[in-house]
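Raw model-v2.cif, mmCIF, C-alpha atoms and all ligand atoms:
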data_data
loop_
_atom_site.label_atom_id
_atom_site.label_comp_id
_atom_site.auth_asym_id
_atom_site.auth_seq_id
_atom_site.Cartn_x
_atom_site.Cartn_y
_atom_site.Cartn_z
CA MET A 1 -10.94 19.22 -36.96
CA ARG A 2 -12.58 19.85 -33.58
CA LYS A 3 -10.62 18.56 -30.60
CA GLU A 4 -12.38 16.12 -28.21
CA ARG A 5 -12.79 17.99 -24.93
CA ARG A 6 -12.24 16.09 -21.68
CA PRO A 7 -15.08 16.52 -19.18
CA SER A 8 -14.28 18.99 -16.41
CA ARG A 9 -13.64 17.60 -12.95
CA THR A 10 -16.94 18.95 -11.67
CA ARG A 11 -18.86 17.35 -14.52
CA GLU A 12 -17.02 14.04 -14.06
CA HIS A 13 -17.76 14.15 -10.33
CA ALA A 14 -21.46 14.77 -11.04
CA ARG A 15 -21.51 11.95 -13.61
CA LEU A 16 -19.96 9.46 -11.17
CA LEU A 17 -22.31 10.52 -8.37
CA GLU A 18 -25.29 10.09 -10.66
CA ALA A 19 -24.04 6.65 -11.76
CA ALA A 20 -23.54 5.62 -8.11
CA SER A 21 -27.03 6.84 -7.18
CA ARG A 22 -28.53 4.47 -9.78
CA ILE A 23 -27.05 1.41 -8.05
CA ARG A 24 -29.65 -0.25 -5.85
CA VAL A 25 -28.36 -1.59 -2.54
CA PRO A 26 -30.62 -4.27 -1.04
CA GLU A 27 -31.67 -4.18 2.61
CA ALA A 28 -30.04 -7.52 3.41
CA THR A 29 -27.16 -9.60 2.12
CA ASP A 30 -24.88 -12.49 3.07
CA VAL A 31 -21.53 -10.70 2.90
CA CYS A 32 -20.98 -6.96 3.19
CA ILE A 33 -17.52 -5.87 2.14
CA VAL A 34 -16.65 -2.53 3.72
CA GLY A 35 -14.18 -0.91 1.31
CA GLY A 36 -13.84 -1.82 -2.37
CA GLY A 37 -10.09 -1.24 -2.73
CA ALA A 38 -7.48 -3.88 -3.51
CA ALA A 39 -8.28 -6.38 -0.74
CA GLY A 40 -12.02 -5.70 -0.72
CA LEU A 41 -12.49 -6.36 -4.44
CA VAL A 42 -10.72 -9.71 -4.22
CA ALA A 43 -12.68 -10.68 -1.09
CA ALA A 44 -15.92 -9.75 -2.85
CA ILE A 45 -15.08 -11.81 -5.96
CA VAL A 46 -14.08 -14.88 -3.97
CA ALA A 47 -17.15 -14.71 -1.71
CA ALA A 48 -19.52 -14.28 -4.67
CA GLU A 49 -17.88 -17.06 -6.67
CA ASN A 50 -18.41 -19.29 -3.63
CA GLY A 51 -22.16 -18.68 -3.80
CA SER A 52 -22.75 -15.74 -1.43
CA ARG A 53 -24.81 -12.63 -2.11
CA VAL A 54 -22.21 -9.85 -1.82
CA VAL A 55 -22.52 -6.07 -1.47
CA THR A 56 -19.40 -3.89 -1.52
CA LEU A 57 -19.77 -0.42 -0.02
CA ASP A 58 -17.04 2.10 -0.81
CA ALA A 59 -16.73 5.71 0.28
CA ASP A 60 -15.04 6.75 -2.97
CA LEU A 61 -16.92 7.64 -6.16
CA GLU A 62 -15.79 4.40 -7.79
CA CYS A 63 -14.46 1.12 -6.45
CA GLY A 64 -10.79 0.24 -6.89
CA ARG A 65 -9.52 3.79 -7.28
CA THR A 66 -6.68 3.23 -4.79
CA ILE A 67 -5.18 0.73 -7.23
CA LEU A 68 -4.76 3.44 -9.90
CA ALA A 69 -2.07 5.32 -7.96
CA THR A 70 0.08 2.27 -7.27
CA GLY A 71 3.53 1.79 -8.79
CA ASN A 72 3.42 5.32 -10.26
CA GLY A 73 0.30 4.38 -12.17
CA ARG A 74 1.83 1.08 -13.37
CA CYS A 75 0.80 -1.11 -10.38
CA ASN A 76 3.62 -3.28 -9.13
CA PHE A 77 1.03 -5.85 -8.10
CA THR A 78 3.23 -8.58 -6.64
CA ASN A 79 6.82 -9.78 -6.30
CA VAL A 80 8.31 -13.15 -7.22
CA GLY A 81 10.24 -13.09 -3.94
CA LEU A 82 7.27 -12.99 -1.57
CA ASP A 83 8.48 -13.88 1.90
CA SER A 84 6.57 -13.50 5.15
CA ALA A 85 9.85 -12.61 6.92
CA ARG A 86 9.78 -9.23 5.16
CA TYR A 87 6.55 -8.13 6.91
CA ASN A 88 6.13 -6.54 10.34
CA GLN A 89 4.06 -9.58 11.50
CA PRO A 90 6.01 -12.45 9.90
CA GLU A 91 4.41 -15.33 11.79
CA PHE A 92 0.86 -14.13 11.30
CA VAL A 93 1.46 -13.47 7.59
CA ARG A 94 3.03 -16.92 7.15
CA ASN A 95 -0.01 -18.55 8.74
CA VAL A 96 -2.43 -16.59 6.56
CA VAL A 97 -0.75 -16.93 3.16
CA GLY A 98 -0.03 -20.67 3.15
CA GLN A 99 2.40 -22.54 0.88
CA SER A 100 1.63 -21.12 -2.57
CA TRP A 101 1.15 -17.41 -2.04
CA LEU A 102 2.68 -16.19 -5.30
CA GLY A 103 1.03 -19.01 -7.27
CA ASP A 104 -2.36 -18.17 -5.76
CA VAL A 105 -2.02 -14.47 -6.62
CA LEU A 106 -0.86 -15.12 -10.18
CA ALA A 107 -3.54 -17.78 -10.76
CA PHE A 108 -6.19 -15.36 -9.52
CA PHE A 109 -5.06 -12.66 -11.95
CA HIS A 110 -4.66 -15.16 -14.78
CA ASP A 111 -8.31 -16.09 -14.24
CA CYS A 112 -9.16 -12.38 -14.37
CA GLY A 113 -7.55 -12.22 -17.84
CA LEU A 114 -4.49 -10.19 -16.84
CA ALA A 115 -1.09 -10.67 -18.49
CA TRP A 116 2.05 -9.57 -16.67
CA GLU A 117 5.83 -9.25 -16.82
CA GLU A 118 8.60 -9.38 -14.24
CA GLU A 119 11.04 -6.48 -13.90
CA ALA A 120 14.14 -5.90 -11.77
CA GLU A 121 14.15 -7.11 -8.15
CA GLY A 122 11.30 -9.52 -8.83
CA ARG A 123 8.70 -6.78 -9.27
CA VAL A 124 5.69 -7.90 -11.30
CA TYR A 125 3.67 -5.44 -13.41
CA PRO A 126 0.73 -5.82 -15.77
CA LEU A 127 1.92 -6.25 -19.35
CA SER A 128 0.19 -2.97 -20.24
CA ARG A 129 2.12 -1.18 -17.45
CA GLN A 130 -1.22 0.41 -16.58
CA ALA A 131 -2.70 0.13 -13.09
CA ALA A 132 -6.04 0.70 -14.81
CA SER A 133 -5.72 -2.79 -16.36
CA VAL A 134 -5.54 -4.37 -12.90
CA ARG A 135 -8.50 -2.41 -11.63
CA SER A 136 -10.54 -3.03 -14.76
CA VAL A 137 -10.12 -6.82 -14.72
CA LEU A 138 -11.07 -6.90 -11.03
CA LEU A 139 -14.20 -4.80 -11.57
CA GLY A 140 -15.16 -6.96 -14.57
CA ARG A 141 -14.77 -10.22 -12.67
CA ALA A 142 -16.67 -8.82 -9.65
CA THR A 143 -19.56 -7.76 -11.89
CA ARG A 144 -19.64 -11.14 -13.66
CA ALA A 145 -19.70 -12.87 -10.27
CA GLY A 146 -22.78 -10.83 -9.30
CA VAL A 147 -21.16 -8.56 -6.69
CA ILE A 148 -23.14 -5.37 -6.09
CA LEU A 149 -20.47 -2.67 -6.25
CA ALA A 150 -21.88 0.35 -4.43
CA PRO A 151 -19.50 3.33 -4.41
CA ALA A 152 -20.23 6.76 -2.90
CA ARG A 153 -21.35 5.03 0.31
CA SER A 154 -19.38 5.76 3.51
CA VAL A 155 -19.84 3.23 6.24
CA ARG A 156 -20.32 4.94 9.61
CA SER A 157 -20.74 1.99 11.96
CA VAL A 158 -20.80 -1.80 12.08
CA ARG A 159 -22.84 -3.31 14.91
CA GLN A 160 -23.57 -6.88 15.88
CA ALA A 161 -27.28 -7.65 15.57
CA ASP A 162 -29.54 -10.70 15.56
CA GLY A 163 -28.15 -13.18 13.03
CA GLY A 164 -25.34 -10.94 11.84
CA PHE A 165 -24.51 -7.24 11.60
CA GLU A 166 -26.09 -3.87 10.94
CA VAL A 167 -23.91 -1.79 8.66
CA ALA A 168 -24.92 1.89 8.75
CA TYR A 169 -23.81 4.01 5.80
CA GLU A 170 -24.32 7.42 4.22
CA GLU A 171 -24.68 8.08 0.52
CA ALA A 172 -22.62 10.91 -0.96
CA PHE A 173 -25.58 11.87 -3.17
CA ASP A 174 -28.08 11.94 -0.27
CA ALA A 175 -26.23 12.82 2.93
CA GLN A 176 -29.54 13.41 4.81
CA THR A 177 -30.50 9.76 5.05
CA ARG A 178 -28.56 7.18 7.01
CA ARG A 179 -29.18 3.75 5.55
CA VAL A 180 -28.70 0.35 7.14
CA LEU A 181 -27.68 -2.88 5.46
CA GLN A 182 -28.32 -6.13 7.36
CA SER A 183 -25.56 -8.59 6.63
CA ARG A 184 -24.86 -12.06 7.93
CA THR A 185 -21.11 -11.42 7.74
CA VAL A 186 -18.89 -8.36 7.29
CA VAL A 187 -15.40 -8.10 5.78
CA MET A 188 -13.53 -4.99 6.90
CA ALA A 189 -11.36 -3.91 3.94
CA VAL A 190 -11.13 -0.19 4.65
CA GLY A 191 -7.35 0.13 4.22
CA GLY A 192 -5.14 1.93 6.72
CA GLY A 193 -5.54 5.01 8.84
CA THR A 194 -9.33 5.12 9.19
CA ASP A 195 -11.13 5.41 12.51
CA LEU A 196 -13.96 3.07 11.50
CA CYS A 197 -12.06 0.03 12.77
CA GLU A 198 -11.68 1.68 16.20
CA ASN A 199 -15.43 2.09 16.45
CA ILE A 200 -16.22 -1.58 16.05
CA GLY A 201 -14.74 -2.42 19.43
CA LEU A 202 -11.75 -4.51 18.38
CA PRO A 203 -8.22 -3.92 19.73
CA MET A 204 -6.14 -1.67 17.50
CA THR A 205 -2.47 -0.82 17.30
CA PRO A 206 -1.86 2.91 16.69
CA TYR A 207 -1.36 4.10 13.13
CA LEU A 208 2.06 5.26 11.96
CA PRO A 209 2.81 6.23 8.36
CA VAL A 210 5.55 4.07 6.83
CA LEU A 211 7.03 3.72 3.33
CA CYS A 212 7.51 7.47 3.22
CA PRO A 213 10.39 9.97 3.04
CA LEU A 214 12.37 10.78 6.18
CA GLY A 215 12.90 14.27 7.56
CA CYS A 216 16.66 14.58 8.21
CA GLU A 217 19.32 17.00 9.39
CA GLY A 218 22.65 16.93 7.60
CA PRO A 219 24.80 18.32 4.80
CA LEU A 220 23.77 19.63 1.37
CA LEU A 221 20.03 18.88 1.51
CA ALA A 222 18.98 22.25 0.08
CA GLU A 223 21.79 22.28 -2.52
CA LEU A 224 21.00 18.76 -3.78
CA ASP A 225 17.19 19.02 -3.62
CA GLY A 226 15.77 16.88 -6.46
CA ARG A 227 19.03 14.98 -7.29
CA ARG A 228 18.93 11.18 -7.38
CA VAL A 229 21.86 8.88 -6.68
CA ARG A 230 22.34 5.12 -6.31
CA VAL A 231 23.71 4.38 -2.84
CA GLU A 232 24.10 1.87 -0.11
CA ALA A 233 22.15 3.31 2.83
CA ARG A 234 22.84 2.09 6.36
CA LEU A 235 20.45 2.74 9.25
CA ILE A 236 22.46 3.17 12.46
CA ARG A 237 21.04 3.25 15.99
CA ALA A 238 23.38 4.06 18.91
CA GLY A 239 26.38 3.13 16.76
CA VAL A 240 24.97 -0.25 15.68
CA GLU A 241 23.75 -1.02 12.16
CA VAL A 242 20.04 -1.90 12.14
CA LEU A 243 19.69 -2.51 8.40
CA SER A 244 21.25 -1.61 5.08
CA GLU A 245 19.87 -1.51 1.57
CA ARG A 246 21.11 -0.57 -1.91
CA GLY A 247 19.12 1.49 -4.37
CA GLU A 248 18.18 5.01 -5.31
CA VAL A 249 17.97 7.93 -2.89
CA LEU A 250 16.38 11.26 -3.72
CA PHE A 251 17.65 14.34 -1.91
CA ARG A 252 14.93 16.66 -0.66
CA ARG A 253 15.17 20.01 1.06
CA TYR A 254 13.56 18.48 4.17
CA GLY A 255 15.47 15.16 4.12
CA LEU A 256 15.75 12.02 2.01
CA SER A 257 13.32 10.11 -0.18
CA GLY A 258 13.42 7.26 -2.73
CA ILE A 259 12.60 3.56 -2.48
CA VAL A 260 15.59 2.75 -0.24
CA VAL A 261 14.54 5.42 2.24
CA PHE A 262 10.89 4.29 2.06
CA ASN A 263 11.97 0.79 3.04
CA LEU A 264 14.22 2.03 5.86
CA SER A 265 11.36 4.24 7.12
CA ARG A 266 9.66 1.04 8.35
CA TYR A 267 12.46 0.65 10.92
CA ALA A 268 13.78 4.21 11.46
CA ARG A 269 13.32 6.07 14.74
CA PRO A 270 13.95 9.75 15.46
CA GLY A 271 17.62 10.18 16.42
CA ASP A 272 18.84 7.27 14.25
CA GLU A 273 21.49 7.99 11.63
CA LEU A 274 21.26 7.31 7.92
CA VAL A 275 24.73 6.85 6.42
CA LEU A 276 24.97 6.98 2.62
CA ASP A 277 27.76 5.42 0.58
CA LEU A 278 27.56 7.27 -2.74
CA LEU A 279 30.04 4.87 -4.42
CA PRO A 280 28.77 1.50 -3.20
CA THR A 281 30.41 -0.51 -5.97
CA MET A 282 33.90 1.00 -5.61
CA LYS A 283 36.50 0.94 -2.84
CA LEU A 284 38.30 4.21 -1.98
CA ALA A 285 41.64 2.73 -3.05
CA GLU A 286 40.19 1.80 -6.45
CA ALA A 287 38.95 5.37 -6.91
CA HIS A 288 42.40 6.78 -6.05
CA GLU A 289 44.00 4.51 -8.67
CA LEU A 290 41.93 6.21 -11.38
CA GLY A 291 44.22 9.26 -11.37
CA LEU A 292 41.39 11.65 -10.57
CA HIS A 293 41.43 15.42 -10.65
CA THR A 294 37.76 15.85 -9.74
CA LEU A 295 34.87 13.55 -8.79
CA ASP A 296 32.86 14.56 -11.86
CA GLY A 297 33.60 11.29 -13.63
CA LEU A 298 32.41 9.21 -10.68
CA LEU A 299 29.32 11.05 -9.49
CA ASP A 300 26.60 13.33 -10.83
CA PRO A 301 28.74 16.50 -11.28
CA VAL A 302 26.24 18.58 -9.29
CA ILE A 303 26.72 16.25 -6.31
CA ALA A 304 30.48 16.01 -6.90
CA GLN A 305 30.91 19.78 -6.92
CA ALA A 306 28.69 20.34 -3.89
CA LEU A 307 30.68 17.75 -1.92
CA THR A 308 34.00 19.24 -3.05
CA LYS A 309 32.88 22.70 -1.94
CA LEU A 310 31.76 21.28 1.40
CA GLU A 311 35.05 19.47 2.03
CA GLY A 312 37.40 22.00 0.45
CA SER A 313 39.15 19.46 -1.84
CA TRP A 314 38.22 16.58 -4.15
CA GLU A 315 40.25 14.19 -1.95
CA GLY A 316 38.20 15.15 1.10
CA ALA A 317 35.02 14.87 -0.95
CA LEU A 318 36.01 11.37 -2.09
CA THR A 319 36.42 10.23 1.51
CA ARG A 320 33.04 11.77 2.34
CA THR A 321 31.28 9.85 -0.46
CA LYS A 322 31.68 6.72 1.66
CA ALA A 323 29.83 8.11 4.70
CA LEU A 324 27.52 11.04 4.05
CA THR A 325 25.68 11.05 7.36
CA TYR A 326 22.19 12.35 8.28
CA ARG A 327 20.30 12.44 11.57
CA ILE A 328 16.70 11.29 11.25
CA ILE A 329 14.04 13.62 12.63
CA GLY A 330 11.06 11.41 11.71
CA PRO A 331 8.65 10.50 8.90
CA ALA A 332 8.09 13.31 6.35
CA ASP A 333 5.50 14.05 3.66
CA THR A 334 3.30 11.54 5.44
CA ALA A 335 0.23 12.48 3.40
CA HIS A 336 1.89 10.54 0.59
CA ALA A 337 3.02 7.54 2.67
CA GLN A 338 2.34 4.34 0.73
CA VAL A 339 1.23 2.34 3.74
CA SER A 340 0.30 2.89 7.35
CA ARG A 341 1.50 0.56 10.05
CA GLY A 342 -1.05 -0.18 12.75
CA GLY A 343 -4.70 -1.13 12.52
CA LEU A 344 -6.62 -4.14 13.76
CA ASP A 345 -4.44 -6.15 16.13
CA VAL A 346 -3.58 -9.39 14.34
CA ARG A 347 -3.42 -11.34 17.61
CA THR A 348 -7.20 -11.09 17.83
CA PHE A 349 -7.78 -12.69 14.39
CA ASN A 350 -7.72 -16.34 13.37
CA PRO A 351 -5.04 -16.56 10.64
CA ALA A 352 -6.77 -19.45 8.88
CA THR A 353 -9.95 -17.44 8.23
CA LEU A 354 -9.14 -13.82 9.18
CA GLU A 355 -12.23 -13.86 11.44
CA ALA A 356 -12.19 -11.78 14.62
CA GLN A 357 -12.02 -14.16 17.56
CA SER A 358 -14.39 -12.06 19.67
CA LYS A 359 -16.88 -11.28 16.86
CA PRO A 360 -17.83 -14.35 14.84
CA GLY A 361 -18.87 -13.37 11.32
CA LEU A 362 -16.59 -10.33 11.20
CA PHE A 363 -13.52 -10.69 8.97
CA ALA A 364 -10.73 -8.31 7.95
CA CYS A 365 -8.13 -8.14 5.20
CA GLY A 366 -5.50 -5.91 3.61
CA GLU A 367 -4.15 -2.87 5.33
CA ALA A 368 -7.08 -2.71 7.80
CA LEU A 369 -5.02 -5.31 9.69
CA ASP A 370 -1.71 -4.28 11.23
CA VAL A 371 0.39 -5.76 8.42
CA ASP A 372 2.89 -3.92 6.23
CA GLY A 373 5.75 -4.94 3.97
CA PRO A 374 8.49 -3.25 1.93
CA CYS A 375 8.13 -1.60 -1.49
CA GLY A 376 8.19 -3.92 -4.49
CA GLY A 377 4.68 -5.42 -4.71
CA PHE A 378 4.64 -6.84 -1.18
CA ASN A 379 1.76 -4.75 0.13
CA LEU A 380 -0.59 -5.47 -2.75
CA ALA A 381 0.37 -9.16 -2.59
CA TRP A 382 -0.81 -9.12 1.02
CA ALA A 383 -4.01 -7.30 0.08
CA TRP A 384 -4.89 -9.83 -2.65
CA LYS A 385 -4.09 -12.95 -0.64
CA SER A 386 -5.70 -11.80 2.61
CA GLY A 387 -8.75 -10.77 0.55
CA MET A 388 -8.95 -14.31 -0.84
CA VAL A 389 -8.75 -15.85 2.64
CA ALA A 390 -11.35 -13.52 4.19
CA GLY A 391 -13.73 -13.74 1.20
CA ALA A 392 -13.63 -17.55 1.14
CA ALA A 393 -14.15 -17.81 4.90
CA ALA A 394 -17.05 -15.33 4.89
CA ALA A 395 -18.76 -17.29 2.10
CA LYS A 396 -18.26 -20.54 4.01
CA GLU A 397 -19.83 -18.99 7.09
CA THR A 398 -22.93 -17.93 5.14
CA SER A 399 -23.36 -21.36 3.55
CA ARG A 400 -23.88 -23.05 6.92
C1 LIG B 1 0.95 6.16 -3.97
C2 LIG B 1 0.93 4.70 -3.59
C3 LIG B 1 1.58 3.78 -4.39
C4 LIG B 1 1.59 2.43 -4.03
N1 LIG B 1 2.21 1.55 -4.85
C5 LIG B 1 2.22 0.24 -4.52
C6 LIG B 1 2.79 -0.73 -5.40
O1 LIG B 1 3.20 -0.43 -6.53
N2 LIG B 1 2.83 -2.02 -4.99
C7 LIG B 1 2.31 -2.42 -3.77
O2 LIG B 1 2.38 -3.60 -3.45
N3 LIG B 1 1.71 -1.53 -2.95
C8 LIG B 1 1.65 -0.23 -3.30
N4 LIG B 1 1.02 0.66 -2.48
C9 LIG B 1 0.32 0.15 -1.27
C10 LIG B 1 -1.05 -0.45 -1.65
O3 LIG B 1 -1.75 0.47 -2.47
C11 LIG B 1 -1.86 -0.80 -0.42
O4 LIG B 1 -1.12 -1.66 0.40
C12 LIG B 1 -3.19 -1.49 -0.81
O5 LIG B 1 -3.96 -0.65 -1.65
C13 LIG B 1 -3.98 -1.84 0.43
O6 LIG B 1 -5.18 -2.44 0.00
P1 LIG B 1 -6.50 -2.33 0.91
O7 LIG B 1 -7.61 -2.89 0.10
O8 LIG B 1 -6.24 -2.84 2.24
O9 LIG B 1 -6.74 -0.78 1.07
P2 LIG B 1 -7.14 0.31 -0.09
O10 LIG B 1 -6.67 -0.21 -1.38
O11 LIG B 1 -6.63 1.55 0.47
O12 LIG B 1 -8.71 0.26 -0.09
C14 LIG B 1 -9.49 0.71 0.98
C15 LIG B 1 -10.85 1.11 0.43
O13 LIG B 1 -11.73 1.34 1.52
C16 LIG B 1 -12.53 2.48 1.24
N5 LIG B 1 -12.99 3.01 2.51
C17 LIG B 1 -12.24 3.54 3.51
N6 LIG B 1 -13.04 3.89 4.54
C18 LIG B 1 -14.32 3.55 4.18
C19 LIG B 1 -15.59 3.67 4.82
N7 LIG B 1 -15.74 4.19 6.05
N8 LIG B 1 -16.68 3.24 4.16
C20 LIG B 1 -16.58 2.69 2.91
N9 LIG B 1 -15.39 2.57 2.26
C21 LIG B 1 -14.28 2.99 2.90
C22 LIG B 1 -11.59 3.40 0.44
O14 LIG B 1 -12.33 4.32 -0.34
C23 LIG B 1 -10.80 2.39 -0.40
O15 LIG B 1 -11.41 2.18 -1.65
C24 LIG B 1 0.96 2.01 -2.83
C25 LIG B 1 0.29 2.94 -2.04
C26 LIG B 1 0.26 4.27 -2.41
C27 LIG B 1 -0.46 5.26 -1.55
#

In structure tokens, how does this file's structure come out?
Amino acid sequence: MRKERRPSRTREHARLLEAASRIRVPEATDVCIVGGGAAGLVAAIVAAENGSRVVTLDADLECGRTILATGNGRCNFTNVGLDSARYNQPEFVRNVVGQSWLGDVLAFFHDCGLAWEEEAEGRVYPLSRQAASVRSVLLGRATRAGVILAPARSVRSVRQADGGFEVAYEEAFDAQTRRVLQSRTVVMAVGGGTDLCENIGLPMTPYLPVLCPLGCEGPLLAELDGRRVRVEARLIRAGVEVLSERGEVLFRRYGLSGIVVFNLSRYARPGDELVLDLLPTMKLAEAHELGLHTLDGLLDPVIAQALTKLEGSWEGALTRTKALTYRIIGPADTAHAQVSRGGLDVRTFNPATLEAQSKPGLFACGEALDVDGPCGGFNLAWAWKSGMVAGAAAAKETSR
């Protein structure tokens, strides 16, 4: 039997470009969504379902591709413990999300036809455990609502013009021609770390990668590279504890990674200390009562033996398990950071509508705004809900 051959990357790229080139973008619309990622797709759906003509321009070859990488391909799309206090801009987030944030997100996805399940720590995943399910139901609902999804179009500038905005963009399949879309309103949903937001003349806070590993100096990093251990990690600044969290840490040659470290990276500063308790559920005295001869029965033997070698005895190693200390150099492997802090300054946006106070008709949502939360579904939950708010407000504006 002949095996089905998967198309090569080059052929797939050409196919997607060709498909994108067949999509006709009109010269004028009511709502232009800049960026068809998580927040942009929801904003587009809500605006279209409220009666607006909507065009979504995305630089990527398909809309919604950023969703595919989330939750290791499983998309941890929200958390049952949503709480504005866990974000860097708690008051702004509280004023945007309203009283029934989780209910609104789940109702939205229910109406998309998505089923889900809750896992540990309140993390919610699609029942299929496939991020592709989340993306697919969003694209389907957007298409049914009449949204024109126009990938392979990079927006270069957004300028105020008579009766709205001029959105200039380039097509990946025809880089020679710069096209312009006239739109009565614009929703900026470009995610984090892009310079487009800077160019539209709104105040920005500088970008900083967060939810990423930390470069550290300290014992055994090379020896334990790739080992995982459940710990309590305490972030210490000038001798005072800033924060602590329990969970898994991954040793890397350059420092520490894992969800606990990602979360602490939102608060860590160079020079801070990260103190790991490798036996968070056991007191030292309890360990001594076990009649130990080595630590192999308590810890991953590779870690136990490395610690014993470092300390010269298993007793010394046991004491060290309670405070394995690292000095933080700074964020590491930032190309793979899950979120960037910074972006459009939230003080210049109306939280009820996500409209820029100085540019009526211009809205923003998702990571384009300076909002970030911890791992666990909090960042996507913000993207969905802020997309709903911005999309509804943009549609209302165009119905006047
Ligand atoms: C590896 C990884 C895993 C993650 N896992 C999770 C998770 O499990 N749970 C969770 O809650 N969060 C997770 N996150 C974070 C989450 O993905 C983001 O918070 C969320 O995608 C932000 O949504 P957004 O729409 O603001 O931006 P994005 O989803 O990044 O979308 C921005 C879109 O704008 C487009 N764009 C950018 N510039 C332009 C331009 N000039 N013109 C046109 N289009 C443009 C991009 O192509 C993109 O499609 C993860 C992030 C990463 C990187």

Exercise. Please give me, as a ChimeraX atom specification, the residues lying within 7 Å of ligand LIG 1 (chain B) when counting only C-alpha atoms and all ligand atoms.
Key: /A:34-40,57-60,63-67,69-72,75-78,153-156,189-192,194,196,336-339,365-368,375-381,383

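Ranking A:Ala152, A:Leu114, A:Val46, A:Ala287 by their shortest atom-to-atom distance to Pro126 in chain A, with only C-alpha atoms included, puts A:Leu114 first.
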
Quiz item: Distance CA of Val25 in chain A-CA of Glu171 in chain A, one decimal place?
Solution: 10.8 Å

Quiz item: Nearest to Glu198 in chain A: which of A:Glu18, A:Ala43, A:Arg9, A:Gly342 is it, counting all atoms listed in the file?
Solution: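 For Glu198 in chain A, the nearest of the given residues is A:Gly342.
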
Quiz item: How far is it from CA of Ala172 in chain A to CA of Pro206 in chain A, in Å with one decimal?
Solution: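 Here the two named atoms are 28.4 Å from each other.
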
Quiz item: So how far away is CA of Asp372 in chain A from CA of Leu211 in chain A, in Å?
Solution: 9.2 Å

Self-check item: Which residue of A:Leu17, A:Cys32, A:Val96, A:Ile328 approaches Ile148 in chain A most closely, using only C-alpha atoms
Solution: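 Closest to Ile148 in chain A of all the choices is A:Cys32.
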
Closest contacts (range 167-228 of chain A/range 347-364 of chain A, max 10 Å, all atoms listed in the file) as a Markdown table:
| residue | atom | partner | partner_atom | distance |
| --- | --- | --- | --- | --- |
| A:Ser183 | CA | A:Gly361 | CA | 9.5 |
| A:Arg184 | CA | A:Gly361 | CA | 7.0 |
| A:Thr185 | CA | A:Gly361 | CA | 4.7 |
| A:Val186 | CA | A:Leu362 | CA | 4.9 |
| A:Val187 | CA | A:Phe363 | CA | 4.5 |
| A:Met188 | CA | A:Ala364 | CA | 4.5 |
| A:Ala189 | CA | A:Ala364 | CA | 6.0 |
| A:Val190 | CA | A:Ala364 | CA | 8.8 |
| A:Gly191 | CA | A:Ala364 | CA | 9.8 |
| A:Cys197 | CA | A:Ala364 | CA | 9.7 |
| A:Ile200 | CA | A:Lys359 | CA | 9.8 |
| A:Gly201 | CA | A:Lys359 | CA | 9.5 |
| A:Leu202 | CA | A:Thr348 | CA | 8.0 |
| A:Pro203 | CA | A:Thr348 | CA | 7.5 |
| A:Met204 | CA | A:Thr348 | CA | 9.5 |

Self-check item: Shell of 12 Å around Asp296 in chain A, only C-alpha atoms, local chain residues under 2 positions omitted, as a VMD selection string
Solution: chain A and resid 292 to 294 298 to 308 314 317 to 318

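The shell of residues at most 8 Å from Val158 in chain A, with all atoms listed in the file counted and near chain neighbours (fewer than 5 positions) removed, consists of Phe165, Glu166, Val167, Ala168, Asn199 and Ile200 of chain A.
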
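Counting only C-alpha atoms and comparing A:Lys322, A:Leu295, A:Asn88, A:Gly239, the residue that lies closest to Met282 in chain A is A:Lys322.
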